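Q: Got a structure for you, written out below as structure tokens; questions coming shortly.
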Amino acid sequence: MTTRFDPVEMRSRFPALAQEVHGRPLVYLDSAATSQKPRAVLDVIDEYYEHDNANVHRGIHELSRRATVAYEEARTKVARWINAADDSELVWTRGTTEAINLVAMAWGLDNVAEGDEILISVLEHHSNIVPWQILAARTKAKLRYIELDDQGRLDLSTLDEVLTERTKILAISHVSNSLGTINPVRTLAEAAHRVGAVVMVDGAQGAVHTQVDVQALGVDFYAFSGHKMCGPTGIGALWAKKELLEAMAPYQGGGEMIHIVGRDASTWASVPHKFEAGTPNIAGAVGMGAAVDFLTDVGVDSIVEHERALMEYAMDRVRAVPGITVYGPESLDERSAVISFTLGDAHPHDISTILDAEGVAVRAGHHCAQLVMKHFEVAATARASFYLYNTTDDVDRLIEGLGKVREIFA
Amino acid sequence: METPQLSSLYQQLILEHYRNPRNKAELDEKSVEIHMANPVCGDEIRLQLRIEGDEIAEAKFVGQGCSISQAAVSMMTTKLQGAKLADASMLAERFTEMMHGDEAAANDKALGDLRALQGVSKFPVRIKCALLGFDALQEALKADGQESTH
Ligand SMILES: Cc1ncc(COP(=O)(O)O)c(C=O)c1O
């Protein structure tokens, strides 16, 4: 394996990984749920609270000035990270979920009406399904789905049937959290634009493993979370084209998002602040900015290279386990660093308990993707997901653990 | 946390019930049916009882899920056939106490084979799996009680 960083040294930069669980060194294979945080990010958050803590955009005093600068500098970092044309196109949110809800409400209620269609896919995380169901119910629009093939890829052979002149928005994940499927977002965006639909991408898993370029992708909205990409929880962002943000009504009302408040009506601050009502998660934003610095410093290319090599190593060994069924795309070109599987008649919940006793953390369940589970006619799968701090030793420990599962469920 | 022993969790009797569940079928005539699910992991059961007077004449279930949830329901139903309602209620209580680490409950012979599940109490995140069936039983008994006071 050739990588430009030493994965063992990389691992040592994440304090939470340096512990034993049930008497064994922790092997963390649940990064698709949330990533661990490097010391560099934790230090920046501590620094912020210890030295600069104040409210933003509200004070004249020194700490308020510093907090505002830190908050806005973080915005610039995150905006550049996804190649936004302008910093003001990046709205801070609680995470992907809030960003999607923001689009569904602030854009959707004014742009979707009875008889219109909203197009999503069976692959989506619940957070990219439920907000659209709510919007469809409110507007009497119709919710339609792109189906999946037997490898858990979008079935584009019937795209013409579901993507039509009636489609107002296509909301699609960049990368699936349950199977790791990488979707052809650019192609889909072009097709959607041809029929006049706008395109929103759920980038919760996309901004994690690849260098996202929202301009090259040709999309209109891109939602992502800090906690999946080495940043803290409770912070994420919605990127949107400026003209869309400017035309949209506010999502929530409150401080920070106003210009002038009158008795009966008020005027809004300019974007992005129009969408940031209330005291924001300042430390979170600063932490997400630090996460971007960290990932930039490591180099996204080398992360991609590392994960690819690790997945080649892992897939060969996982597939060789007798009785295993692996779900998702066969080709690693179409799959991110996720392996979703079942093993014989051992329920995924039991697999996870047995692995946990060996110090190996995997997720078991429906992964907030019940429609995907239904597609494969399983109630749940076990999922091992990898990130830059995982090593081939981690894979070996997973395989060893799966041996234990087979012994117990022999 | 102290390292729990997997062998205490996955006893042969549990795996045997998981693979060959008892009373897993639909009841033709049922007086109560309770659906109980654990959305976190997808475990679910429908417990069906035919109650005659103060007795459970018949108990069956359908469901899917992990070995612990399914074995626990299977074992539970074997104890319910012909059981007095008061005894069924007591069984649910004793089992719940055992799951919460009560030693006396764990030694109560009334629990029978269900004592094989004692090891689950050492795995906090799995306790709700083991309790799925008994939670359904308690709901069912409550529902039946409300019926008959009408
Ligand atoms: C594909 C995908 N979409 C959306 C989400 C929701 O993200 P969050 O919980 O950070 O809002 C997640 C993460 O759980 C995800 O993996």
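Chain labels follow the order of the structure tokens: the first chain is A, the next B, and so on; residue numbering restarts at 1 in every chain, and ligands are counted from 1 in their shown order.
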Should the cut-off be 10 Å, what would the residue list for chain B against chain A look like, counting only C-alpha atoms, as a list in words?
A: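 Interface list for chain B against chain A: Met1, Glu2, Thr3, Pro4, Gln5, Leu6, Ser7, Leu9, Tyr10, Gln11, Gln12, Leu15, Tyr18, Arg19, Pro39, Val40, Cys41, Gly42, Asp43, Glu44, Gln64, Gly65, Cys66, Ser67, Ile68, Phe123, Val125, Arg126 and Cys129 of chain B.
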Q: If DSSP is run on the backbone, what residues of stretch 79-194 of chain A are helix (DSSP H, G or I)? A reply as a count of residues only would be ideal.
A: 52
Q: Which residues of chain A come within 10 Å of ligand 1, and for each one, what is the closest pair of atoms and their distance in Å to one decimal, counting only C-alpha atoms and all ligand atoms, sorted by chain and residue number, as CSV?
A:
```
residue,atom,partner,partner_atom_place_in_ligand_line,distance
A:Ser31,CA,ligand 1,16 (O),9.8
A:Ala32,CA,ligand 1,16 (O),6.3
A:Ala33,CA,ligand 1,14 (O),5.6
A:Thr34,CA,ligand 1,14 (O),7.6
A:Thr93,CA,ligand 1,11 (O),9.1
A:Arg94,CA,ligand 1,11 (O),7.0
A:Gly95,CA,ligand 1,11 (O),4.3
A:Thr96,CA,ligand 1,11 (O),3.9
A:Thr97,CA,ligand 1,11 (O),3.6
A:Glu98,CA,ligand 1,11 (O),6.3
A:Ala99,CA,ligand 1,11 (O),7.8
A:Ile100,CA,ligand 1,11 (O),8.5
A:Asn101,CA,ligand 1,11 (O),9.9
A:Leu123,CA,ligand 1,1 (C),8.8
A:Glu124,CA,ligand 1,1 (C),6.6
A:His125,CA,ligand 1,3 (N),4.9
A:His126,CA,ligand 1,4 (C),7.2
A:Ser127,CA,ligand 1,4 (C),5.3
A:Asn128,CA,ligand 1,3 (N),6.4
A:Ile129,CA,ligand 1,3 (N),9.6
A:Ile172,CA,ligand 1,1 (C),9.2
A:Ser173,CA,ligand 1,1 (C),6.0
A:His174,CA,ligand 1,1 (C),7.6
A:Val175,CA,ligand 1,1 (C),6.3
A:Ser176,CA,ligand 1,1 (C),5.1
A:Asn177,CA,ligand 1,16 (O),4.4
A:Ser178,CA,ligand 1,16 (O),7.5
A:Leu179,CA,ligand 1,1 (C),9.8
A:Gly180,CA,ligand 1,1 (C),9.1
A:Val201,CA,ligand 1,3 (N),9.4
A:Asp202,CA,ligand 1,3 (N),5.7
A:Gly203,CA,ligand 1,1 (C),6.7
A:Ala204,CA,ligand 1,2 (C),4.7
A:Gln205,CA,ligand 1,1 (C),5.3
A:Gly206,CA,ligand 1,1 (C),8.0
A:Ala223,CA,ligand 1,4 (C),8.4
A:Phe224,CA,ligand 1,7 (O),7.1
A:Ser225,CA,ligand 1,10 (O),4.8
A:Gly226,CA,ligand 1,10 (O),7.4
A:His227,CA,ligand 1,10 (O),6.7
A:Lys228,CA,ligand 1,10 (O),7.2
A:Thr233,CA,ligand 1,10 (O),7.5
A:Gly234,CA,ligand 1,10 (O),7.6
A:Ile235,CA,ligand 1,10 (O),8.0
A:Gly236,CA,ligand 1,10 (O),7.2
A:Ala237,CA,ligand 1,11 (O),9.8
A:His367,CA,ligand 1,14 (O),7.9
A:Cys368,CA,ligand 1,14 (O),7.3
A:Ala369,CA,ligand 1,1 (C),8.9
```
Q: Could you state the separation of atom CA of A:Tyr251 and atom CA of A:Arg263 in Å, given to one decimal place?
A: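 About the pair atom CA of A:Tyr251 and atom CA of A:Arg263: they are 19.9 Å apart.
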Q: By how many Å are atom CA of A:Gly115 and atom CA of A:Ala141 apart?
A: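 Value for the atom CA of A:Gly115-atom CA of A:Ala141 distance: 5.3 Å.
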Q: Just want the 6 Å neighbourhood of stretch 317-326 of chain A, counted on only C-alpha atoms, with same-chain residues fewer than 3 positions away dropped. Output as a PDB file with C-alpha atoms, in the first residue's frame.
A:
```pdb
ATOM      1  CA  ALA A 314     -11.015  -4.876   3.097  1.00  0.00           C
ATOM      2  CA  SER A 340     -22.811  -3.022   4.455  1.00  0.00           C
ATOM      3  CA  PHE A 341     -23.299  -6.733   5.064  1.00  0.00           C
ATOM      4  CA  THR A 342     -25.166  -9.574   6.698  1.00  0.00           C
ATOM      5  CA  LEU A 343     -23.615 -12.820   7.883  1.00  0.00           C
ATOM      6  CA  GLY A 344     -25.528 -16.094   7.790  1.00  0.00           C
TER       7      GLY A 344
END
```
Q: Please indicate the distance in Å from atom CA of A:Glu117 to atom CA of A:Val214, rounded to one decimal place.
A: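 A separation of 24.1 Å between them.
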Q: Please list as a PyMOL selection string every residue within 12 Å of A:Arg80, counting only C-alpha atoms and excluding residues in the same chain fewer than 3 positions away.
A: chain A and resi 73-77+83-90+211-215+239+289+292-293+296
Q: Find the residues near B:Asp108: any atom within 10 Å, counting only C-alpha atoms, skip ones fewer than 2 places away on the same chain, and give them as a PyMOL selection string.
A: chain B and resi 91+94-95+98+103-106+110-112+115
Q: Put those residues in a file: N, CA, C and O atoms, as a compact mmCIF listing (two decimals), in the first residue's frame.
A:
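In the end it all went to again.txt:
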```txt
# COMPACT_ATOMS: atom_id res chain seq x y z
N LEU B 91 -44.70 -12.87 36.05
CA LEU B 91 -43.57 -13.33 35.25
C LEU B 91 -42.89 -12.15 34.55
O LEU B 91 -41.67 -12.03 34.55
N ARG B 94 -40.95 -10.19 37.16
CA ARG B 94 -39.73 -10.87 37.60
C ARG B 94 -38.66 -10.80 36.52
O ARG B 94 -37.49 -10.57 36.80
N PHE B 95 -39.08 -11.02 35.27
CA PHE B 95 -38.13 -11.00 34.17
C PHE B 95 -37.50 -9.61 34.04
O PHE B 95 -36.29 -9.46 33.86
N MET B 98 -34.98 -9.13 36.65
CA MET B 98 -33.75 -9.86 36.33
C MET B 98 -32.91 -9.07 35.33
O MET B 98 -31.69 -8.95 35.46
N GLU B 103 -30.58 -10.00 41.56
CA GLU B 103 -30.08 -11.38 41.74
C GLU B 103 -31.20 -12.33 42.17
O GLU B 103 -31.28 -13.47 41.71
N ALA B 104 -32.05 -11.85 43.08
CA ALA B 104 -33.12 -12.70 43.59
C ALA B 104 -34.05 -13.14 42.47
O ALA B 104 -34.43 -14.31 42.36
N ALA B 105 -34.36 -12.19 41.59
CA ALA B 105 -35.22 -12.51 40.46
C ALA B 105 -34.55 -13.55 39.58
O ALA B 105 -35.18 -14.50 39.09
N ALA B 106 -33.23 -13.37 39.39
CA ALA B 106 -32.49 -14.28 38.52
C ALA B 106 -32.48 -15.70 39.06
O ALA B 106 -32.31 -16.66 38.33
N ALA B 110 -39.42 -19.77 39.02
CA ALA B 110 -40.61 -19.51 38.19
C ALA B 110 -40.23 -19.05 36.78
O ALA B 110 -40.99 -19.22 35.85
N LEU B 111 -39.04 -18.46 36.64
CA LEU B 111 -38.64 -17.97 35.33
C LEU B 111 -38.22 -19.10 34.38
O LEU B 111 -38.20 -18.93 33.16
N GLY B 112 -37.88 -20.25 34.95
CA GLY B 112 -37.54 -21.41 34.12
C GLY B 112 -36.42 -21.12 33.13
O GLY B 112 -35.42 -20.48 33.47
N ARG B 115 -34.27 -17.93 32.48
CA ARG B 115 -33.08 -17.54 33.23
C ARG B 115 -31.82 -17.58 32.36
O ARG B 115 -30.80 -16.99 32.69
```
